[in-house]
file work-v4.pdb (PDB, C-alpha atoms)
ATOM      1  CA  VAL A   1       7.205 -85.255  -9.849
ATOM      2  CA  ARG A   2       5.430 -88.405  -8.785
ATOM      3  CA  ASN A   3       4.867 -89.929  -5.344
ATOM      4  CA  LEU A   4       7.018 -87.273  -3.729
ATOM      5  CA  PHE A   5       6.276 -88.248  -0.124
ATOM      6  CA  TYR A   6       5.578 -91.979  -0.557
ATOM      7  CA  ASN A   7       8.157 -92.892   2.088
ATOM      8  CA  VAL A   8       7.427 -89.971   4.442
ATOM      9  CA  PRO A   9       3.866 -90.527   5.685
ATOM     10  CA  ALA A  10       4.013 -87.558   8.097
ATOM     11  CA  ARG A  11       4.476 -85.190   5.141
ATOM     12  CA  LEU A  12       2.024 -87.042   2.942
ATOM     13  CA  LYS A  13      -0.873 -86.562   5.349
ATOM     14  CA  PHE A  14      -0.454 -82.755   5.248
ATOM     15  CA  LEU A  15      -0.923 -82.518   1.488
ATOM     16  CA  LYS A  16      -4.115 -80.774   0.433
ATOM     17  CA  SER A  17      -6.373 -81.861  -2.411
ATOM     18  CA  ASP A  18      -4.841 -82.449  -5.832
ATOM     19  CA  ILE A  19      -6.427 -79.258  -7.164
ATOM     20  CA  THR A  20      -5.024 -77.152  -4.314
ATOM     21  CA  GLU A  21      -1.533 -78.609  -4.671
ATOM     22  CA  LYS A  22      -1.614 -78.079  -8.464
ATOM     23  CA  GLN A  23      -2.602 -74.436  -7.942
ATOM     24  CA  LYS A  24       0.286 -73.944  -5.518
ATOM     25  CA  ILE A  25       2.760 -75.487  -7.948
ATOM     26  CA  SER A  26       1.430 -73.358 -10.801
ATOM     27  CA  SER A  27       1.697 -70.241  -8.634
ATOM     28  CA  ILE A  28       5.303 -70.986  -7.697
ATOM     29  CA  MET A  29       6.284 -71.707 -11.306
ATOM     30  CA  THR A  30       4.664 -68.471 -12.449
ATOM     31  CA  LYS A  31       6.645 -66.533  -9.856
ATOM     32  CA  PHE A  32       9.852 -68.206 -11.030
ATOM     33  CA  ALA A  33       8.997 -67.331 -14.634
ATOM     34  CA  LEU A  34       8.417 -63.677 -13.691
ATOM     35  CA  ALA A  35      11.576 -63.479 -11.592
ATOM     36  CA  TYR A  36      13.746 -65.142 -14.242
ATOM     37  CA  PRO A  37      12.341 -64.207 -17.653
ATOM     38  CA  ASN A  38      15.585 -65.258 -19.382
ATOM     39  CA  ILE A  39      14.944 -68.897 -18.444
ATOM     40  CA  ARG A  40      12.507 -71.023 -20.433
ATOM     41  CA  PHE A  41       9.866 -72.719 -18.279
ATOM     42  CA  LYS A  42       7.405 -75.458 -19.179
ATOM     43  CA  LEU A  43       4.867 -76.801 -16.737
ATOM     44  CA  PHE A  44       2.713 -79.802 -17.574
ATOM     45  CA  ASN A  45      -0.114 -81.361 -15.632
ATOM     46  CA  GLU A  46      -1.216 -84.791 -16.808
ATOM     47  CA  LYS A  47       0.318 -84.064 -20.248
ATOM     48  CA  GLN A  48      -1.548 -80.736 -20.472
ATOM     49  CA  LEU A  49       0.662 -77.684 -20.945
ATOM     50  CA  ILE A  50      -0.089 -75.218 -18.140
ATOM     51  CA  LEU A  51       2.749 -72.701 -18.531
ATOM     52  CA  HIS A  52       5.273 -72.179 -21.294
ATOM     53  CA  THR A  53       7.661 -69.245 -21.489
ATOM     54  CA  SER A  54      10.156 -68.574 -24.246
ATOM     55  CA  GLY A  55      13.021 -67.434 -22.034
ATOM     56  CA  ASN A  56      13.521 -64.352 -24.206
ATOM     57  CA  GLY A  57      13.544 -61.977 -21.208
ATOM     58  CA  ASP A  58      10.185 -60.366 -21.980
ATOM     59  CA  ARG A  59       8.131 -60.160 -18.784
ATOM     60  CA  ARG A  60       5.151 -58.759 -20.646
ATOM     61  CA  GLU A  61       4.963 -62.078 -22.504
ATOM     62  CA  ILE A  62       4.606 -63.848 -19.154
ATOM     63  CA  LEU A  63       1.937 -61.338 -18.091
ATOM     64  CA  ASN A  64       0.154 -62.229 -21.312
ATOM     65  CA  GLN A  65      -0.011 -65.862 -20.239
ATOM     66  CA  LEU A  66      -1.148 -64.923 -16.734
ATOM     67  CA  TYR A  67      -3.786 -62.322 -17.488
ATOM     68  CA  GLY A  68      -4.444 -62.517 -21.221
ATOM     69  CA  VAL A  69      -3.419 -60.307 -24.123
ATOM     70  CA  ASP A  70      -5.812 -57.438 -23.404
ATOM     71  CA  ILE A  71      -4.684 -56.907 -19.816
ATOM     72  CA  ALA A  72      -0.986 -57.508 -20.574
ATOM     73  CA  LYS A  73      -1.065 -54.792 -23.262
ATOM     74  CA  GLN A  74      -2.619 -52.282 -20.868
ATOM     75  CA  MET A  75      -0.242 -52.865 -17.958
ATOM     76  CA  LEU A  76       1.762 -49.730 -17.171
ATOM     77  CA  GLU A  77       5.528 -50.025 -17.011
ATOM     78  CA  VAL A  78       7.169 -48.835 -13.805
ATOM     79  CA  ILE A  79      10.756 -47.604 -13.966
ATOM     80  CA  PHE A  80      12.222 -45.933 -10.897
ATOM     81  CA  GLU A  81      15.841 -45.443  -9.960
ATOM     82  CA  ASP A  82      17.386 -43.631  -7.045
ATOM     83  CA  HIS A  83      20.893 -45.067  -6.872
ATOM     84  CA  PRO A  84      21.496 -47.641  -5.413
ATOM     85  CA  TYR A  85      17.766 -48.496  -5.362
ATOM     86  CA  ARG A  86      15.754 -49.617  -8.373
ATOM     87  CA  ILE A  87      12.102 -50.504  -8.837
ATOM     88  CA  ASN A  88      10.684 -51.759 -12.106
ATOM     89  CA  GLY A  89       7.835 -53.879 -13.304
ATOM     90  CA  TYR A  90       4.199 -53.429 -14.225
ATOM     91  CA  ILE A  91       1.037 -52.135 -12.603
ATOM     92  CA  SER A  92      -2.497 -52.074 -13.897
ATOM     93  CA  PRO A  93      -4.169 -48.859 -15.018
ATOM     94  CA  ILE A  94      -7.017 -47.592 -12.856
ATOM     95  CA  SER A  95      -9.534 -49.245 -15.182
ATOM     96  CA  ILE A  96      -8.291 -52.756 -14.322
ATOM     97  CA  THR A  97      -8.814 -53.873 -10.740
ATOM     98  CA  ARG A  98      -9.547 -57.009  -8.759
ATOM     99  CA  SER A  99     -11.751 -57.742  -5.765
ATOM    100  CA  ASN A 100      -8.800 -59.008  -3.707
ATOM    101  CA  ARG A 101      -5.044 -58.470  -3.250
ATOM    102  CA  LYS A 102      -4.088 -61.809  -4.801
ATOM    103  CA  ASP A 103      -2.564 -60.222  -7.908
ATOM    104  CA  ILE A 104      -0.266 -57.826  -6.039
ATOM    105  CA  THR A 105       3.183 -59.360  -6.407
ATOM    106  CA  PHE A 106       6.558 -58.136  -5.177
ATOM    107  CA  PHE A 107      10.073 -59.428  -5.686
ATOM    108  CA  VAL A 108      13.105 -58.181  -3.779
ATOM    109  CA  ASN A 109      16.452 -58.940  -5.399
ATOM    110  CA  GLY A 110      14.835 -61.739  -7.431
ATOM    111  CA  ARG A 111      13.036 -63.288  -4.436
ATOM    112  CA  TRP A 112       9.237 -63.359  -4.259
ATOM    113  CA  ILE A 113       8.041 -61.848  -1.006
ATOM    114  CA  GLN A 114       4.867 -61.020   0.865
ATOM    115  CA  ASP A 115       4.848 -57.685   2.659
ATOM    116  CA  ILE A 116       1.834 -55.864   4.052
ATOM    117  CA  ALA A 117       3.668 -52.525   4.085
ATOM    118  CA  LEU A 118       4.558 -52.795   0.379
ATOM    119  CA  ASN A 119       0.929 -53.642  -0.420
ATOM    120  CA  SER A 120      -0.126 -50.547   1.533
ATOM    121  CA  ALA A 121       2.412 -48.389  -0.303
ATOM    122  CA  LEU A 122       1.071 -49.548  -3.662
ATOM    123  CA  LEU A 123      -2.532 -48.986  -2.608
ATOM    124  CA  LYS A 124      -1.630 -45.513  -1.362
ATOM    125  CA  ALA A 125      -0.323 -44.703  -4.853
ATOM    126  CA  TYR A 126      -3.777 -45.554  -6.215
ATOM    127  CA  HIS A 127      -5.513 -43.604  -3.440
ATOM    128  CA  THR A 128      -8.653 -41.831  -4.723
ATOM    129  CA  MET A 129      -8.083 -43.279  -8.207
ATOM    130  CA  ILE A 130      -9.786 -46.641  -7.678
ATOM    131  CA  MET A 131     -12.871 -47.617  -5.689
ATOM    132  CA  VAL A 132     -12.582 -48.743  -2.091
ATOM    133  CA  GLY A 133     -12.441 -52.535  -1.963
ATOM    134  CA  ARG A 134     -10.796 -52.802  -5.387
ATOM    135  CA  TYR A 135      -7.131 -53.676  -5.876
ATOM    136  CA  PRO A 136      -4.675 -53.277  -8.746
ATOM    137  CA  ILE A 137      -2.647 -55.935 -10.472
ATOM    138  CA  SER A 138       1.063 -55.448  -9.956
ATOM    139  CA  VAL A 139       4.328 -57.223 -10.535
ATOM    140  CA  LEU A 140       7.086 -55.079  -9.058
ATOM    141  CA  PHE A 141      10.778 -55.882  -8.768
ATOM    142  CA  LEU A 142      12.738 -54.063  -6.085
ATOM    143  CA  GLU A 143      16.512 -54.132  -6.304
ATOM    144  CA  PHE A 144      18.323 -53.025  -3.166
ATOM    145  CA  PRO A 145      21.817 -53.517  -1.748
ATOM    146  CA  GLU A 146      22.020 -56.842   0.107
ATOM    147  CA  ALA A 147      22.866 -55.091   3.396
ATOM    148  CA  PHE A 148      19.562 -53.197   3.140
ATOM    149  CA  VAL A 149      17.440 -56.388   3.218
ATOM    150  CA  ASP A 150      17.267 -59.136   5.847
ATOM    151  CA  VAL A 151      15.789 -62.297   4.320
ATOM    152  CA  ASN A 152      16.070 -64.357   7.492
ATOM    153  CA  GLY A 153      12.924 -63.039   9.145
ATOM    154  CA  HIS A 154      10.741 -65.958   8.080
ATOM    155  CA  PRO A 155      11.436 -69.710   7.683
ATOM    156  CA  THR A 156      10.199 -69.757   4.078
ATOM    157  CA  LYS A 157      12.046 -66.496   3.277
ATOM    158  CA  ALA A 158       8.736 -65.112   1.978
ATOM    159  CA  GLU A 159       8.924 -62.152   4.349
ATOM    160  CA  VAL A 160      11.849 -59.771   4.564
ATOM    161  CA  ARG A 161      12.887 -56.885   6.770
ATOM    162  CA  PHE A 162      14.249 -53.639   5.442
ATOM    163  CA  SER A 163      16.770 -51.567   7.351
ATOM    164  CA  GLN A 164      14.809 -48.442   6.315
ATOM    165  CA  PRO A 165      11.177 -49.513   5.831
ATOM    166  CA  ASP A 166       9.877 -45.925   5.549
ATOM    167  CA  LEU A 167      12.222 -45.266   2.633
ATOM    168  CA  VAL A 168      11.054 -48.432   0.857
ATOM    169  CA  PHE A 169       7.390 -47.517   1.447
ATOM    170  CA  SER A 170       7.998 -44.058   0.005
ATOM    171  CA  MET A 171       9.889 -45.333  -3.044
ATOM    172  CA  VAL A 172       7.228 -47.928  -3.938
ATOM    173  CA  GLN A 173       4.489 -45.356  -3.563
ATOM    174  CA  ARG A 174       6.333 -42.758  -5.672
ATOM    175  CA  ALA A 175       7.299 -45.266  -8.378
ATOM    176  CA  ALA A 176       3.720 -46.484  -8.795
ATOM    177  CA  ARG A 177       2.206 -42.996  -8.610
ATOM    178  CA  ARG A 178       4.620 -41.695 -11.258
ATOM    179  CA  ALA A 179       3.687 -44.523 -13.606
ATOM    180  CA  LEU A 180      -0.021 -43.905 -13.038
ATOM    181  CA  LEU A 181       0.290 -40.179 -13.658
ATOM    182  CA  ALA A 182       2.548 -40.644 -16.680
ATOM    183  CA  TYR A 183       0.063 -42.917 -18.447
ATOM    184  CA  SER A 184      -3.209 -41.416 -17.227
ATOM    185  CA  PRO A 185      -5.023 -38.858 -19.322
TER     186      PRO A 185
END
call {"tool": "encode", "arguments": {"input": "work-v4.pdb", "output": "C-alpha cells"}}
result
Amino acid sequence: VRNLFYNVPARLKFLKSDITEKQKISSIMTKFALAYPNIRFKLFNEKQLILHTSGNGDRREILNQLYGVDIAKQMLEVIFEDHPYRINGYISPISITRSNRKDITFFVNGRWIQDIALNSALLKAYHTMIMVGRYPISVLFLEFPEAFVDVNGHPTKAEVRFSQPDLVFSMVQRAARRALLAYSP
C-alpha cells in the first residue's frame, strides 16, 4: 500500500510516525494469521519479509514466528468444550510471563477482541501461580453461538458483549486453569 491517504488530507494528518503505523499493520496481520491459520500470509516492509505463514493450519507455527521457537514449544494447549461453547488455543506456562498484558489475545468466533473481563478471567486462572505484576502470554479462541455474542457494541468491533458474561468468565477461567494443572508438575 502506498500513498493511501494522498487525496484525503484530513485522514493523512492523523497518521502517526512510520514506525508506529508499521507496528500497527504488523499487529493486525499477525492477528489475521492467528485467526486464519489455513491462509498463507506474507507481509513485507521495504522489501524486507516481516511475516510469512505457510497456511498449513498450524497455529503453533505462527506462535513460533511471534515468540520464537523456545516459547512456542512451551506454550500449553487449551482445549475446552461444553456444547455449544468451545475454547481452544495456547497459554504460557507459569515460567513464561511478561511485564504487561500486551500478549494476552482473544478471538471470538474468528474476530479479534479486547475484553477486560476475559483478561481478568485468564489472570484469575493463574492466581497464586505467577508473581503480582506479571502476565501470561495467551492466544485463546472462543467459539460461541452467534446469538450469544453482540459485536455491535463498539465502532471498530473490537469489543463485544456477551448475553451471559459470568458464564464466559467462568469458562475462560476453567479452561486456562485446567490446561495449567494438566501440564504443571
call {"tool": "residues_around", "arguments": {"input": "work-v4.pdb", "residues": "Gln74 (chain A)", "least_positions_apart": "5", "cutoff": "12 Å", "atoms": "only C-alpha atoms", "output": "PyMOL selection string"}}
result
chain A and resi 60+63-64+67-69+90-97+137-138+180+183-184
call {"tool": "residues_around", "arguments": {"input": "work-v4.pdb", "residues": "Phe144 (chain A)", "least_positions_apart": "3", "cutoff": "7 Å", "atoms": "all atoms listed in the file", "output": "PyMOL selection string"}}
result
chain A and resi 84-86+109+148
call {"tool": "write_last_selection", "arguments": {"input": "work-v4.pdb", "atoms": "C-alpha atoms", "output": "tab-separated table (two decimals), in the frame of the given file"}}
result
chain	number	residue	atom	x	y	z
A	84	PRO	CA	21.50	-47.64	-5.41
A	85	TYR	CA	17.77	-48.50	-5.36
A	86	ARG	CA	15.75	-49.62	-8.37
A	109	ASN	CA	16.45	-58.94	-5.40
A	148	PHE	CA	19.56	-53.20	3.14
call {"tool": "residues_around", "arguments": {"input": "work-v4.pdb", "residues": "Ser120 (chain A)", "least_positions_apart": "2", "cutoff": "12 Å", "atoms": "only C-alpha atoms", "output": "JSON, numbers by chain"}}
result
{"A": [101, 104, 114, 115, 116, 117, 118, 122, 123, 124, 125, 126, 127, 135, 136, 166, 168, 169, 170, 172, 173, 176]}
call {"tool": "atom_distance", "arguments": {"input": "work-v4.pdb", "atom1": "CA of Arg174 (chain A)", "atom2": "CA of Pro37 (chain A)"}}
result
25.3 Å
call {"tool": "atom_distance", "arguments": {"input": "work-v4.pdb", "atom1": "CA of Gln48 (chain A)", "atom2": "CA of Val1 (chain A)"}}
result
14.5 Å
call {"tool": "residues_around", "arguments": {"input": "work-v4.pdb", "residues": "Ile25 (chain A)", "least_positions_apart": "6", "cutoff": "12 Å", "atoms": "all atoms listed in the file", "output": "MDAnalysis selection string"}}
result
chainID A and resid 1 18:19 31:32 43:45 50:51
call {"tool": "atom_distance", "arguments": {"input": "work-v4.pdb", "atom1": "CA of Leu181 (chain A)", "atom2": "CA of Trp112 (chain A)"}}
result
26.6 Å
call {"tool": "resolve_selection", "arguments": {"input": "work-v4.pdb", "expression": "the PyMOL selection byres ((chain A and resi 40-42) around 12)", "output": "ChimeraX atom specification"}}
result
/A:26,28-39,43-45,47-59,61-62
call {"tool": "axis_aligned_box", "arguments": {"input": "work-v4.pdb", "around": "region 157-173 of chain A", "padding_each_side": "4 Å", "output": "AutoDock Vina command-line options"}}
result
--center_x 10.6 --center_y -55.3 --center_z 1.7 --size_x 20.3 --size_y 30.4 --size_z 19.3
call {"tool": "closest_residue", "arguments": {"input": "work-v4.pdb", "among": "A:Thr105, A:Leu142, A:Arg178, A:His83", "to": "Ser27 (chain A)", "atoms": "all atoms listed in the file"}}
result
A:Thr105
call {"tool": "resolve_selection", "arguments": {"input": "work-v4.pdb", "expression": "the PyMOL selection byres ((chain A and resi 161) around 7)", "output": "tab-separated table (two decimals) with C-alpha atoms, keeping the file's coordinate frame"}}
result
chain	number	residue	atom	x	y	z
A	149	VAL	CA	17.44	-56.39	3.22
A	150	ASP	CA	17.27	-59.14	5.85
A	151	VAL	CA	15.79	-62.30	4.32
A	153	GLY	CA	12.92	-63.04	9.14
A	160	VAL	CA	11.85	-59.77	4.56
A	162	PHE	CA	14.25	-53.64	5.44
A	163	SER	CA	16.77	-51.57	7.35
call {"tool": "closest_residue", "arguments": {"input": "work-v4.pdb", "among": "A:Gln164, A:Lys102, A:Glu46, A:Phe107", "to": "Lys22 (chain A)", "atoms": "only C-alpha atoms"}}
result
A:Glu46
call {"tool": "closest_residue", "arguments": {"input": "work-v4.pdb", "among": "A:Glu159, A:Arg177, A:Phe80, A:Asp103", "to": "Met129 (chain A)", "atoms": "only C-alpha atoms"}}
result
A:Arg177
call {"tool": "closest_residue", "arguments": {"input": "work-v4.pdb", "among": "A:Leu12, A:Thr156, A:Met171, A:Pro145", "to": "Asn88 (chain A)", "atoms": "all atoms listed in the file"}}
result
A:Met171
call {"tool": "build_atoms", "arguments": {"input": "work-v4.pdb", "residues": "region 134-145 of chain A", "atoms": "all heavy atoms", "output": "mmCIF file, in the frame of the given file"}}
result
data_model
loop_
_atom_site.group_PDB
_atom_site.id
_atom_site.type_symbol
_atom_site.label_atom_id
_atom_site.label_comp_id
_atom_site.auth_asym_id
_atom_site.auth_seq_id
_atom_site.Cartn_x
_atom_site.Cartn_y
_atom_site.Cartn_z
ATOM 1 N N ARG A 134 -11.356 -52.329 -4.118
ATOM 2 C CA ARG A 134 -10.796 -52.802 -5.387
ATOM 3 C C ARG A 134 -9.279 -52.698 -5.297
ATOM 4 O O ARG A 134 -8.750 -51.821 -4.622
ATOM 5 C CB ARG A 134 -11.312 -51.973 -6.572
ATOM 6 C CG ARG A 134 -12.820 -51.974 -6.735
ATOM 7 C CD ARG A 134 -13.403 -53.341 -6.988
ATOM 8 N NE ARG A 134 -12.939 -53.910 -8.247
ATOM 9 C CZ ARG A 134 -13.282 -55.101 -8.704
ATOM 10 N NH1 ARG A 134 -14.079 -55.875 -8.006
ATOM 11 N NH2 ARG A 134 -12.824 -55.552 -9.832
ATOM 12 N N TYR A 135 -8.584 -53.596 -5.994
ATOM 13 C CA TYR A 135 -7.131 -53.676 -5.876
ATOM 14 C C TYR A 135 -6.500 -53.813 -7.254
ATOM 15 O O TYR A 135 -7.044 -54.487 -8.136
ATOM 16 C CB TYR A 135 -6.745 -54.873 -5.001
ATOM 17 C CG TYR A 135 -7.391 -54.783 -3.640
ATOM 18 C CD1 TYR A 135 -8.607 -55.412 -3.392
ATOM 19 C CD2 TYR A 135 -6.821 -54.031 -2.629
ATOM 20 C CE1 TYR A 135 -9.222 -55.310 -2.160
ATOM 21 C CE2 TYR A 135 -7.427 -53.920 -1.389
ATOM 22 C CZ TYR A 135 -8.626 -54.567 -1.162
ATOM 23 O OH TYR A 135 -9.241 -54.444 0.050
ATOM 24 N N PRO A 136 -5.340 -53.198 -7.441
ATOM 25 C CA PRO A 136 -4.675 -53.277 -8.746
ATOM 26 C C PRO A 136 -3.962 -54.617 -8.938
ATOM 27 O O PRO A 136 -3.785 -55.391 -7.994
ATOM 28 C CB PRO A 136 -3.651 -52.140 -8.665
ATOM 29 C CG PRO A 136 -3.323 -52.057 -7.211
ATOM 30 C CD PRO A 136 -4.600 -52.370 -6.493
ATOM 31 N N ILE A 137 -3.554 -54.834 -10.153
ATOM 32 C CA ILE A 137 -2.647 -55.935 -10.472
ATOM 33 C C ILE A 137 -1.257 -55.310 -10.487
ATOM 34 O O ILE A 137 -1.070 -54.223 -11.038
ATOM 35 C CB ILE A 137 -2.959 -56.533 -11.857
ATOM 36 C CG1 ILE A 137 -4.375 -57.091 -11.903
ATOM 37 C CG2 ILE A 137 -1.933 -57.594 -12.231
ATOM 38 C CD1 ILE A 137 -4.825 -57.500 -13.298
ATOM 39 N N SER A 138 -0.295 -55.972 -9.895
ATOM 40 C CA SER A 138 1.063 -55.448 -9.956
ATOM 41 C C SER A 138 2.076 -56.572 -9.905
ATOM 42 O O SER A 138 1.852 -57.605 -9.276
ATOM 43 C CB SER A 138 1.337 -54.477 -8.806
ATOM 44 O OG SER A 138 1.511 -55.184 -7.606
ATOM 45 N N VAL A 139 3.159 -56.355 -10.601
ATOM 46 C CA VAL A 139 4.328 -57.223 -10.535
ATOM 47 C C VAL A 139 5.505 -56.259 -10.471
ATOM 48 O O VAL A 139 5.907 -55.685 -11.483
ATOM 49 C CB VAL A 139 4.438 -58.136 -11.775
ATOM 50 C CG1 VAL A 139 5.682 -58.992 -11.693
ATOM 51 C CG2 VAL A 139 3.203 -59.001 -11.923
ATOM 52 N N LEU A 140 6.014 -56.053 -9.256
ATOM 53 C CA LEU A 140 7.086 -55.079 -9.058
ATOM 54 C C LEU A 140 8.350 -55.755 -8.546
ATOM 55 O O LEU A 140 8.295 -56.610 -7.655
ATOM 56 C CB LEU A 140 6.645 -53.975 -8.098
ATOM 57 C CG LEU A 140 5.587 -53.027 -8.628
ATOM 58 C CD1 LEU A 140 5.155 -52.036 -7.557
ATOM 59 C CD2 LEU A 140 6.070 -52.289 -9.869
ATOM 60 N N PHE A 141 9.471 -55.335 -9.109
ATOM 61 C CA PHE A 141 10.778 -55.882 -8.768
ATOM 62 C C PHE A 141 11.603 -54.787 -8.096
ATOM 63 O O PHE A 141 11.895 -53.763 -8.713
ATOM 64 C CB PHE A 141 11.482 -56.377 -10.033
ATOM 65 C CG PHE A 141 10.706 -57.451 -10.734
ATOM 66 C CD1 PHE A 141 9.720 -57.129 -11.649
ATOM 67 C CD2 PHE A 141 10.931 -58.786 -10.446
ATOM 68 C CE1 PHE A 141 8.973 -58.109 -12.276
ATOM 69 C CE2 PHE A 141 10.187 -59.774 -11.064
ATOM 70 C CZ PHE A 141 9.217 -59.437 -11.984
ATOM 71 N N LEU A 142 11.946 -55.016 -6.852
ATOM 72 C CA LEU A 142 12.738 -54.063 -6.085
ATOM 73 C C LEU A 142 14.160 -54.594 -6.024
ATOM 74 O O LEU A 142 14.375 -55.767 -5.680
ATOM 75 C CB LEU A 142 12.187 -53.898 -4.668
ATOM 76 C CG LEU A 142 10.851 -53.176 -4.517
ATOM 77 C CD1 LEU A 142 9.696 -53.920 -5.112
ATOM 78 C CD2 LEU A 142 10.580 -52.889 -3.065
ATOM 79 N N GLU A 143 15.099 -53.746 -6.367
ATOM 80 C CA GLU A 143 16.512 -54.132 -6.304
ATOM 81 C C GLU A 143 17.205 -53.196 -5.330
ATOM 82 O O GLU A 143 17.275 -51.988 -5.560
ATOM 83 C CB GLU A 143 17.146 -54.060 -7.687
ATOM 84 C CG GLU A 143 16.543 -55.055 -8.663
ATOM 85 C CD GLU A 143 17.075 -54.879 -10.064
ATOM 86 O OE1 GLU A 143 18.235 -54.444 -10.226
ATOM 87 O OE2 GLU A 143 16.313 -55.174 -11.003
ATOM 88 N N PHE A 144 17.677 -53.775 -4.235
ATOM 89 C CA PHE A 144 18.323 -53.025 -3.166
ATOM 90 C C PHE A 144 19.648 -53.675 -2.810
ATOM 91 O O PHE A 144 19.822 -54.879 -3.021
ATOM 92 C CB PHE A 144 17.445 -53.000 -1.915
ATOM 93 C CG PHE A 144 16.127 -52.298 -2.089
ATOM 94 C CD1 PHE A 144 14.962 -52.858 -1.605
ATOM 95 C CD2 PHE A 144 16.045 -51.074 -2.723
ATOM 96 C CE1 PHE A 144 13.746 -52.217 -1.748
ATOM 97 C CE2 PHE A 144 14.829 -50.430 -2.886
ATOM 98 C CZ PHE A 144 13.680 -51.002 -2.397
ATOM 99 N N PRO A 145 20.576 -52.909 -2.223
ATOM 100 C CA PRO A 145 21.817 -53.517 -1.748
ATOM 101 C C PRO A 145 21.497 -54.622 -0.736
ATOM 102 O O PRO A 145 20.561 -54.503 0.059
ATOM 103 C CB PRO A 145 22.557 -52.358 -1.069
ATOM 104 C CG PRO A 145 21.969 -51.123 -1.676
ATOM 105 C CD PRO A 145 20.543 -51.464 -2.016
#
